[in-house]
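Coordinates from structure_27.txt are shown below (compact mmCIF, C-alpha atoms).
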# COMPACT_ATOMS: atom_id res chain seq x y z
CA MET F 173 -9.91 -3.59 54.49
CA ARG F 174 -8.50 -0.17 54.00
CA ILE F 175 -7.91 2.29 56.80
CA PHE F 176 -8.42 5.91 55.82
CA HIS F 177 -5.96 8.53 56.98
CA LYS F 178 -6.31 12.23 57.46
CA ASP F 179 -4.76 13.05 54.13
CA GLU F 180 -7.50 11.05 52.47
CA VAL F 181 -10.49 12.98 53.71
CA LEU F 182 -13.64 11.18 52.66
CA HIS F 183 -16.90 12.97 53.08
CA SER F 184 -20.35 11.61 52.52
CA GLY F 185 -21.11 14.07 49.77
CA ASN F 186 -20.01 14.15 46.18
CA THR F 187 -16.40 13.18 46.88
CA ARG F 188 -17.39 9.63 47.76
CA ASN F 189 -17.52 8.17 44.29
CA GLY F 190 -14.14 9.55 43.41
CA MET F 191 -12.59 8.07 46.50
CA PHE F 192 -14.14 4.69 45.87
CA ASN F 193 -12.94 4.69 42.31
CA LYS F 194 -9.47 5.22 43.68
CA ILE F 195 -9.46 2.58 46.38
CA PHE F 196 -12.20 0.21 45.40
CA HIS F 197 -9.83 -2.64 44.71
CA ASN F 198 -8.65 -2.56 48.31
CA ARG F 199 -11.97 -3.42 49.84
CA LEU F 200 -11.64 -6.57 51.85
CA PHE F 201 -13.90 -6.40 54.80
CA SER F 202 -16.87 -8.72 54.52
CA PHE F 203 -19.23 -9.21 57.35
CA VAL F 204 -22.18 -11.35 58.27
CA LEU F 205 -24.80 -10.09 60.64
CA CYS F 206 -26.70 -12.90 62.25
CA LEU F 207 -30.23 -12.30 63.20
CA LEU F 208 -32.17 -13.88 65.98
CA PHE F 209 -35.75 -13.11 66.85
CA ILE F 210 -37.76 -14.24 69.77
CA PHE F 211 -41.17 -13.13 68.75
CA ILE F 212 -43.95 -12.55 71.24
CA SER F 213 -47.00 -10.81 69.99
CA VAL F 214 -50.72 -10.34 70.27
CA SER F 215 -53.19 -8.80 67.90
CA ALA F 216 -54.68 -5.39 68.47
CA MET F 217 -57.88 -3.95 67.12
CA PRO F 218 -58.48 -0.25 66.43
CA LEU F 219 -59.94 1.41 69.48
CA ASN F 220 -61.70 4.64 70.28
CA ILE F 221 -60.63 7.26 72.74
CA GLU F 222 -62.66 5.78 75.57
CA ALA F 223 -60.91 2.49 75.21
CA ALA F 224 -57.62 4.30 75.04
CA SER F 225 -58.42 6.10 78.26
CA VAL F 226 -59.04 2.86 80.07
CA ASN F 227 -55.77 1.56 78.74
CA ASN F 228 -53.20 3.94 80.17
CA TYR F 229 -50.64 3.05 77.53
CA PRO F 230 -52.16 3.50 74.11
CA VAL F 231 -49.17 2.46 72.03
CA MET F 232 -46.98 -0.63 71.78
CA HIS F 233 -49.67 -2.91 70.41
CA ILE F 234 -48.86 -4.96 67.38
CA SER F 235 -51.31 -5.69 64.61
CA GLN F 236 -51.63 -8.85 62.59
CA GLN F 237 -50.40 -6.90 59.58
CA GLU F 238 -47.27 -5.78 61.41
CA LYS F 239 -46.68 -9.25 62.74
CA ALA F 240 -46.99 -10.68 59.24
CA LEU F 241 -44.55 -8.11 57.87
CA GLN F 242 -41.95 -8.87 60.50
CA ASN F 243 -42.35 -12.60 60.11
CA GLU F 244 -41.90 -12.16 56.38
CA LEU F 245 -38.77 -10.09 56.89
CA PHE F 246 -37.32 -12.64 59.25
CA LEU F 247 -38.29 -15.77 57.39
CA SER F 248 -37.09 -14.41 54.07
CA ALA F 249 -33.59 -13.92 55.43
CA PRO F 250 -31.07 -16.57 54.47
CA LYS F 251 -30.32 -19.13 57.12
CA ALA F 252 -27.10 -18.89 59.08
CA VAL F 253 -24.60 -21.57 58.14
CA ILE F 254 -24.04 -24.16 60.85
CA ASP F 255 -20.43 -25.30 61.04
CA ARG F 256 -20.48 -29.10 61.30
CA GLN F 257 -17.09 -29.34 62.97
CA ILE F 258 -18.09 -26.84 65.63
CA GLN F 259 -21.35 -28.71 66.05
CA LYS F 260 -19.46 -31.92 66.80
CA GLU F 261 -17.23 -30.15 69.27
CA LEU F 262 -20.17 -28.52 71.01
CA GLN F 263 -21.91 -31.86 71.38
CA SER F 264 -18.90 -33.25 73.21
CA PHE F 265 -18.55 -30.30 75.60
CA GLN F 266 -19.31 -30.78 79.23
CA SER F 267 -21.99 -28.60 80.73
CA GLY F 268 -20.58 -25.52 82.43
CA ASN F 269 -18.25 -24.58 79.59
CA SER F 270 -18.47 -20.97 78.51
CA PHE F 271 -17.53 -18.87 75.51
CA SER F 272 -17.49 -15.12 75.07
CA LEU F 273 -16.90 -12.66 72.25
CA LEU F 274 -16.62 -9.69 74.57
CA SER F 275 -12.84 -9.66 74.28
CA HIS F 276 -13.31 -8.57 70.68
CA LEU F 277 -15.03 -5.36 71.77
CA TYR F 278 -14.00 -2.17 73.45
CA TYR F 279 -16.71 -2.75 75.99
CA ILE F 280 -17.66 -0.31 78.71
CA PRO F 281 -21.39 -0.90 79.17
CA GLU F 282 -22.26 2.54 80.53
CA GLU F 283 -20.80 4.10 77.38
CA ARG F 284 -23.27 2.17 75.25
CA ASP F 285 -26.41 4.10 76.08
CA GLN F 286 -28.87 5.06 73.36
CA GLY F 287 -30.68 7.59 75.55
CA TYR F 288 -34.24 8.51 74.64
CA ILE F 289 -34.45 7.34 71.04
CA GLY F 290 -35.31 4.06 69.37
CA ASN F 291 -32.06 3.29 67.61
CA CYS F 292 -31.19 0.09 69.48
CA TRP F 293 -30.94 -1.61 66.09
CA VAL F 294 -28.01 0.65 65.16
CA TRP F 295 -26.19 -0.13 68.40
CA ALA F 296 -26.71 -3.87 68.00
CA GLY F 297 -25.61 -3.90 64.38
CA THR F 298 -22.60 -1.70 65.04
CA GLY F 299 -21.54 -3.97 67.89
CA CYS F 300 -21.60 -6.92 65.50
CA MET F 301 -19.48 -4.89 63.08
CA GLU F 302 -16.94 -4.12 65.83
CA ILE F 303 -16.63 -7.83 66.59
CA ALA F 304 -16.15 -8.59 62.89
CA LEU F 305 -13.52 -5.87 62.64
CA ASN F 306 -11.51 -7.40 65.46
CA VAL F 307 -11.98 -10.99 64.29
CA GLN F 308 -11.06 -10.25 60.69
CA LEU F 309 -8.33 -7.63 61.11
CA GLY F 310 -7.36 -7.76 64.77
CA ILE F 311 -8.34 -4.13 65.21
CA THR F 312 -10.25 -3.01 68.28
CA ASP F 313 -12.00 0.22 67.41
CA ARG F 314 -15.27 1.84 68.36
CA LEU F 315 -17.36 2.47 65.29
CA SER F 316 -19.65 5.43 64.90
CA ILE F 317 -23.34 5.16 65.73
CA GLN F 318 -23.92 8.80 64.85
CA TYR F 319 -22.79 8.38 61.27
CA LEU F 320 -25.65 6.05 60.40
CA ASP F 321 -28.11 8.10 62.46
CA SER F 322 -27.23 11.21 60.47
CA LEU F 323 -27.18 9.56 57.06
CA TYR F 324 -30.01 7.05 57.22
CA ASN F 325 -33.01 8.64 55.45
CA ASN F 326 -31.13 11.92 55.70
CA GLY F 327 -31.36 11.80 59.47
CA GLU F 328 -34.93 13.10 59.62
CA GLY F 329 -38.57 12.30 58.99
CA ASP F 330 -40.78 9.51 60.25
CA ASP F 331 -38.26 6.87 59.25
CA TRP F 332 -35.09 8.35 60.68
CA ALA F 333 -32.90 5.95 62.62
CA GLY F 334 -34.27 7.03 66.00
CA ASN F 335 -37.69 5.71 65.05
CA GLY F 336 -36.63 2.09 64.90
CA GLY F 337 -35.34 -0.23 62.21
CA PHE F 338 -34.39 -3.79 61.52
CA ALA F 339 -31.21 -5.82 61.27
CA SER F 340 -31.88 -5.96 57.55
CA SER F 341 -32.08 -2.15 57.40
CA PHE F 342 -28.68 -1.94 59.06
CA ALA F 343 -27.07 -4.55 56.82
CA ASP F 344 -28.59 -3.04 53.66
CA PHE F 345 -27.41 0.44 54.61
CA TYR F 346 -23.79 -0.60 55.01
CA ASP F 347 -23.84 -3.06 52.13
CA GLU F 348 -24.77 -0.14 49.91
CA HIS F 349 -22.63 2.46 51.67
CA GLN F 350 -19.52 0.25 51.67
CA PHE F 351 -17.63 1.92 54.44
CA ILE F 352 -18.00 2.54 58.14
CA ILE F 353 -16.18 5.18 60.15
CA SER F 354 -14.58 5.27 63.59
CA TRP F 355 -16.23 6.84 66.61
CA ASP F 356 -13.16 9.05 67.05
CA ASN F 357 -13.76 11.14 63.93
CA ILE F 358 -14.86 14.71 64.56
CA ASN F 359 -18.57 14.73 65.39
CA ALA F 360 -18.82 10.97 64.91
CA TYR F 361 -19.31 10.34 68.65
CA TYR F 362 -22.87 9.76 69.77
CA GLN F 363 -24.97 12.93 69.95
CA ASP F 364 -28.53 11.67 69.55
CA TYR F 365 -29.06 10.75 73.20
CA ASN F 366 -31.71 13.46 73.53
CA SER F 367 -32.92 13.82 69.94
CA VAL F 368 -36.64 13.84 69.18
CA ASP F 369 -37.42 13.76 65.49
CA ARG F 370 -34.08 14.07 63.71
CA ALA F 371 -30.38 13.48 64.12
CA ALA F 372 -28.58 16.02 66.25
CA VAL F 373 -25.83 16.61 63.71
CA SER F 374 -25.84 16.73 59.94
CA ALA F 375 -23.83 14.07 58.14
CA ASP F 376 -22.03 16.90 56.36
CA ASN F 377 -20.51 17.91 59.70
CA ILE F 378 -19.12 14.48 60.52
CA ALA F 379 -15.51 13.98 59.53
CA THR F 380 -14.68 10.72 57.81
CA ASN F 381 -10.94 10.71 58.22
CA SER F 382 -10.66 7.20 59.55
CA GLY F 383 -12.79 4.20 58.80
CA TYR F 384 -12.99 0.88 57.05
CA LEU F 385 -14.09 -0.19 53.63
CA LEU F 386 -16.63 -2.97 53.49
CA GLU F 387 -16.69 -5.61 50.83
CA SER F 388 -20.17 -6.76 51.74
CA VAL F 389 -22.56 -6.80 54.66
CA ASP F 390 -25.02 -9.65 54.92
CA TYR F 391 -27.42 -10.93 57.50
CA ALA F 392 -28.77 -14.37 58.22
CA GLN F 393 -31.36 -15.83 60.52
CA ILE F 394 -30.87 -18.31 63.32
CA ARG F 395 -34.05 -20.28 63.70
CA THR F 396 -35.17 -20.44 67.31
CA HIS F 397 -38.85 -21.13 66.90
CA ARG F 398 -40.51 -24.29 65.67
CA VAL F 399 -37.35 -26.10 66.61
CA GLY F 400 -36.54 -27.77 69.90
CA GLU F 401 -34.96 -25.70 72.64
CA ASP F 402 -31.75 -27.72 72.51
CA SER F 403 -31.48 -27.21 68.76
CA ALA F 404 -32.05 -23.48 69.11
CA ILE F 405 -29.40 -23.16 71.81
CA MET F 406 -26.97 -25.27 69.82
CA ALA F 407 -27.47 -23.09 66.74
CA ILE F 408 -26.79 -19.92 68.72
CA LYS F 409 -23.66 -21.43 70.24
CA ASN F 410 -22.50 -22.57 66.84
CA ILE F 411 -22.68 -19.07 65.38
CA LEU F 412 -20.96 -17.52 68.39
CA ASN F 413 -18.19 -20.09 68.09
CA GLN F 414 -17.72 -18.95 64.51
CA ASN F 415 -16.76 -15.62 66.10
CA MET F 416 -19.79 -13.86 64.72
CA GLY F 417 -21.88 -11.47 66.76
CA ILE F 418 -25.61 -12.05 67.03
CA PHE F 419 -28.15 -9.29 66.62
CA PHE F 420 -30.72 -10.27 69.20
CA ALA F 421 -34.22 -8.85 69.05
CA PHE F 422 -37.39 -9.56 70.89
CA TYR F 423 -40.83 -8.01 71.15
CA LEU F 424 -43.26 -7.57 73.99
CA THR F 425 -46.93 -6.85 73.66
CA ASP F 426 -47.45 -3.64 75.61
CA ASP F 427 -46.07 -1.31 78.23
CA GLU F 428 -47.21 -3.51 81.08
CA ASP F 429 -44.99 -6.29 79.79
CA TRP F 430 -42.15 -3.84 79.38
CA ARG F 431 -42.67 -2.62 82.94
CA GLN F 432 -42.32 -6.17 84.21
CA PHE F 433 -39.25 -6.65 82.05
CA TYR F 434 -37.57 -3.51 83.39
CA ASP F 435 -38.57 -4.26 86.97
CA PHE F 436 -36.94 -7.65 86.70
CA TRP F 437 -33.65 -6.38 85.28
CA LYS F 438 -33.51 -3.30 87.50
CA TYR F 439 -34.45 -4.75 90.84
CA GLU F 440 -33.97 -8.50 90.91
CA PRO F 441 -30.66 -9.92 92.15
CA GLU F 442 -28.29 -11.56 89.72
CA SER F 443 -29.18 -14.92 91.20
CA SER F 444 -32.65 -14.56 89.66
CA VAL F 445 -31.28 -15.09 86.18
CA MET Y 6 -50.72 8.33 82.71
CA ASP Y 7 -52.79 8.74 79.60
CA VAL Y 8 -50.45 10.10 77.00
CA LEU Y 9 -53.08 11.52 74.68
CA LYS Y 10 -54.96 13.32 77.41
CA THR Y 11 -51.73 14.69 78.85
CA ILE Y 12 -50.77 16.13 75.49
CA LEU Y 13 -54.20 17.58 74.80
CA GLU Y 14 -54.27 19.29 78.17
CA TYR Y 15 -50.79 20.68 77.71
CA ILE Y 16 -51.48 22.16 74.29
CA LYS Y 17 -54.83 23.58 75.35
CA GLU Y 18 -53.29 25.24 78.37
CA ASN Y 19 -50.22 26.61 76.62
CA HIS Y 20 -51.58 27.25 73.14
CA PRO Y 21 -55.26 28.16 73.37
CA ASP Y 22 -55.05 29.58 69.83
CA ALA Y 23 -54.68 26.05 68.51
CA GLY Y 24 -58.33 25.30 69.26
CA LEU Y 25 -57.88 21.62 69.96
CA PRO Y 26 -61.07 19.56 70.12
CA GLU Y 27 -62.18 17.77 73.24
CA ALA Y 28 -60.65 14.38 73.87
CA ASP Y 29 -63.86 12.54 73.11
CA GLY Y 30 -63.81 14.03 69.62
CA ILE Y 31 -60.58 12.23 68.77
CA CYS Y 32 -60.46 8.61 67.70
CA TYR Y 33 -57.69 6.17 67.17
CA LYS Y 34 -57.05 5.38 63.56
CA VAL Y 35 -55.08 2.60 62.03
CA ASP Y 36 -51.90 4.18 60.78
CA SER Y 37 -51.56 2.72 57.33
CA ASP Y 38 -48.12 4.26 56.99
CA SER Y 39 -46.89 2.94 60.28
CA ARG Y 40 -44.67 -0.06 60.47
CA ARG Y 41 -43.84 -1.21 63.91
CA LYS Y 42 -40.10 -1.49 63.87
CA LEU Y 43 -37.54 -2.91 66.19
CA GLY Y 44 -37.15 -0.35 68.96
CA TYR Y 45 -40.11 1.86 68.14
CA SER Y 46 -43.85 1.85 67.68
CA ARG Y 47 -46.33 4.53 66.78
CA SER Y 48 -50.04 5.19 67.03
CA VAL Y 49 -52.03 7.93 65.33
CA TYR Y 50 -55.17 9.57 66.66
CA THR Y 51 -57.35 11.75 64.50
CA GLY Y 52 -60.34 14.06 64.84
CA GLY Y 53 -61.48 17.60 64.08
CA GLY Y 54 -58.80 18.07 61.45
CA TRP Y 55 -56.04 16.98 63.82
CA ASP Y 56 -53.62 14.09 63.48
CA ILE Y 57 -51.80 13.29 66.68
CA SER Y 58 -48.95 10.84 66.33
CA ILE Y 59 -47.57 9.22 69.49
CA GLY Y 60 -44.30 7.35 69.11
CA ARG Y 61 -42.81 5.10 71.74
CA PRO Y 62 -39.08 4.34 71.51
CA VAL Y 63 -38.12 1.28 73.52
CA THR Y 64 -35.93 2.82 76.19
CA PRO Y 65 -35.56 2.29 79.93
CA GLU Y 66 -37.13 5.68 80.53
CA LYS Y 67 -40.79 5.95 79.63
CA VAL Y 68 -40.61 8.24 76.60
CA TYR Y 69 -43.33 9.27 74.16
CA ASN Y 70 -42.58 11.41 71.12
CA VAL Y 71 -45.58 13.41 69.99
CA LYS Y 72 -46.44 15.33 66.85
CA ALA Y 73 -49.81 17.07 66.72
CA GLU Y 74 -50.69 18.45 63.32
CA TYR Y 75 -53.75 20.40 62.20
CA ASN Y 76 -54.94 20.58 58.62
CA ASN Y 77 -51.79 19.14 57.06
CA GLY Y 78 -49.39 21.52 58.71
CA ASP Y 79 -51.31 24.71 59.49
CA ILE Y 80 -50.50 24.04 63.13
CA ILE Y 81 -47.71 21.75 64.25
CA TRP Y 82 -46.78 20.94 67.84
CA ILE Y 83 -43.78 18.70 68.45
CA GLY Y 84 -42.70 17.53 71.85
CA ARG Y 85 -42.02 14.65 74.14
CA ILE Y 86 -43.17 13.17 77.42
CA ILE Y 87 -40.45 11.72 79.59
CA ASN Y 88 -41.62 9.94 82.72
CA GLY Y 89 -44.85 11.94 82.66
CA LYS Y 90 -43.28 15.36 82.12
CA VAL Y 91 -44.12 17.23 78.91
CA GLU Y 92 -41.26 18.85 76.99
CA GLU Y 93 -42.26 21.10 74.11
CA LYS Y 94 -39.81 21.21 71.26
CA SER Y 95 -41.61 23.44 68.79
CA TYR Y 96 -44.96 25.03 68.05
CA GLU Y 97 -46.00 26.69 64.80
CA ASN Y 98 -49.36 28.15 63.91
CA ILE Y 99 -49.72 29.58 60.43
CA SER Y 100 -53.46 29.12 60.34
CA GLN Y 101 -56.03 31.86 60.76
CA ARG Y 102 -57.52 30.32 63.87
Rewrite the structure from the file as C-alpha cells, please.
Amino acid sequence: MRIFHKDEVLHSGNTRNGMFNKIFHNRLFSFVLCLLFIFISVSAMPLNIEAASVNNYPVMHISQQEKALQNELFLSAPKAVIDRQIQKELQSFQSGNSFSLLSHLYYIPEERDQGYIGNCWVWAGTGCMEIALNVQLGITDRLSIQYLDSLYNNGEGDDWAGNGGFASSFADFYDEHQFIISWDNINAYYQDYNSVDRAAVSADNIATNSGYLLESVDYAQIRTHRVGEDSAIMAIKNILNQNMGIFFAFYLTDDEDWRQFYDFWKYEPESSV
Amino acid sequence: MDVLKTILEYIKENHPDAGLPEADGICYKVDSDSRRKLGYSRSVYTGGGWDISIGRPVTPEKVYNVKAEYNNGDIIWIGRIINGKVEEKSYENISQR
C-alpha cells in the first residue's frame, strides 16, 4: 500500500496514468469483498394503470428476468474460501461466544447515513474496504463514498451510483481504478445525501491528496441457501473470523414488506431481536 | 399514496402547457432497460407520447424519484416525492405545445 501525500497530487483526470507509472510497483493492498445474499422474491406481471391504482405502491416488484439476472450474478461469483483451522475452532466454541470486526472501523453509526439515494452498495463495500485497510495495514481511516459516486458512470444518468448497484459493481470499479481515497480530502466527504439524478459534486472537484493504492479487489459468495442453517451460519462466522467484512444484501418483494421491516426496526424493543 | 397519480396531478396543476394525458391513458410497460439493482428499483409508465419513470431508492424515508419525458425530450419534468410531498427539481418544455 502506498499513502499519497499532498506533494503528490493525484487527480482522476489525465494525470492518473503518469502517477501510476511512477508508483505502480508499490501497490500492495489486496482486498476480498465477501458477498452474502438472502434472496426473497416474487414474480410480477405487467399491469395497467387501474391495477396500479389499486396497488398504492407501483414499484419494488421483481420480475423473473431480474431474479434470474441477480441469481446469475451471485452464483457466478467465486466461492469464499473456508479456513479449515478456523472451522475446527468454531466447532469447539461454546455457545454465547462473540466476535466483532467493529474495532477495525471508525464507527459512528449516525455518520453513516446515505440519505435519499440508493447507494447502500457503495456504503457497504466501502465499509468492507475500511476493515481491510485496518486489518492489512493497521490504519483506521474513513474512505470516501463521494469519490465513487462522482466517478461511477460519470456520476450521472440512469446508472449513476445513487440508482443502485451490486457488490460486483463495487469490486470491479476499484479493481479497475486501483486506488481509493480518504474521506478527509477536499470535497471527498459525503455530499449526495439529497441528490436526485446525479452526483452533487464533479469528480474533477474532489482532491485526491491522500489515499491508498489497491493491488486487487475481488469478491466472493458465501452460500446461505440450499445449505443447512448451521452450515450457513458457520460459513459466515468463518469469513468474519478471517477478519474480512461481509457485504450483506437482501431483497423484499414490495413496499408493504419494507413497511413491516422498518416498523420492526424503528419501533420494536431490542429484546425482539 | 399513488405515486403516478400524485405526479400527474402535480404536473397538470403546475405546468398546464405540458398537456399531460389523463391517468387512464397511461399504461405500465415493462422497462427492458431496467435492471433492478441492490438499493433501487424502477418502473416505467407510458402513454400519449409520455414516458414516466418512477425510481424507488431503498431508504428509510419513502422516496420516489420521477422523470416524466414527452416525445424523447421535448418536455422533461424531473422531481421527487418524499413522504408524499412533491419536490420539483427541473422542468423544460421546448415543444410547441
Enclosing box along x, y and z for every listed atom of segment 7-10 of chain Y, padded 8 Å each side, centre and size in Å, one decimal, as JSON:
{"center_x": -52.7, "center_y": 11.0, "center_z": 77.1, "size_x": 20.5, "size_y": 20.6, "size_z": 20.9}
Inset, instruction - Skip segment 90-94 of chain Y itself and residues of its chain fewer than 4 positions away, then list as a ChimeraX atom specification all residues within 12 Å of it, counting only C-alpha atoms. - result: /F:366-370 /Y:6-16,19-20,66-73,81-86
May I have the residues of chain Y within 6 Å of chain F, counting all atoms listed in the file, written as a short mmCIF file (atom, residue, chain, number, x, y, z; two decimals) with C-alpha atoms, in the coordinates of the input?
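In the end it all went to selection_20.cif:
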data_model
loop_
_atom_site.label_atom_id
_atom_site.label_comp_id
_atom_site.auth_asym_id
_atom_site.auth_seq_id
_atom_site.Cartn_x
_atom_site.Cartn_y
_atom_site.Cartn_z
CA MET Y 6 -50.72 8.33 82.71
CA ASP Y 7 -52.79 8.74 79.60
CA CYS Y 32 -60.46 8.61 67.70
CA TYR Y 33 -57.69 6.17 67.17
CA LYS Y 42 -40.10 -1.49 63.87
CA LEU Y 43 -37.54 -2.91 66.19
CA GLY Y 44 -37.15 -0.35 68.96
CA TYR Y 45 -40.11 1.86 68.14
CA SER Y 46 -43.85 1.85 67.68
CA SER Y 48 -50.04 5.19 67.03
CA PRO Y 62 -39.08 4.34 71.51
CA VAL Y 63 -38.12 1.28 73.52
#
Residue contacts of segment 245-253 of chain F (6 Å, only C-alpha atoms) excluding same-chain residues fewer than 6 positions away, as a JSON list (two decimals) with C-alpha atoms, in the coordinates of the input:
[["chain", "number", "residue", "atom", "x", "y", "z"],
["F", 392, "ALA", "CA", -28.77, -14.37, 58.22],
["F", 393, "GLN", "CA", -31.36, -15.83, 60.52],
["F", 394, "ILE", "CA", -30.87, -18.31, 63.32]]
Inset, instruction - Report the distance between atom CA of Gly383 of chain F and atom CA of Gly329 of chain F in Å, rounded to one decimal place. - result: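 Answer for the atom CA of Gly383 of chain F to atom CA of Gly329 of chain F separation: 27.0 Å.
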Inset, instruction - Write out as a ChimeraX atom specification each polymer residue whose atoms come within 10 Å of Glu74 of chain Y, counting only C-alpha atoms; drop sequence neighbours fewer than 6 positions from it. - result: /Y:51,54-58,80-83,96-98
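Computed from the coordinates, the atom CA of Asn377 of chain F to atom CA of Asn359 of chain F distance equals 6.8 Å.
Between atom CA of Val389 of chain F and atom CA of Phe345 of chain F lies a distance of 8.7 Å.
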Legend entry - Spatial neighbours of Gly24 of chain Y, max dist 10 Å, only C-alpha atoms, sep filter under 3 positions, as a PyMOL selection string: chain Y and resi 16-17+20-21+27+53+75+102
Inset, instruction - Give the answer as one residue: which of F:Ser444, F:Gln350, F:Thr312, F:Ser272 has the shortest atom-to-atom distance to Ser388 of chain F, using only C-alpha atoms? - result: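 Of the candidates, the smallest distance to Ser388 of chain F is held by F:Gln350.
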Inset, instruction - Name all residues at most 12 Å from Glu261 of chain F (count all atoms listed in the file; drop same-chain ones fewer than 3 positions away) and give them as a VMD selection string. - result: chain F and resid 255 to 258 264 to 266 269 406 409 to 410 413
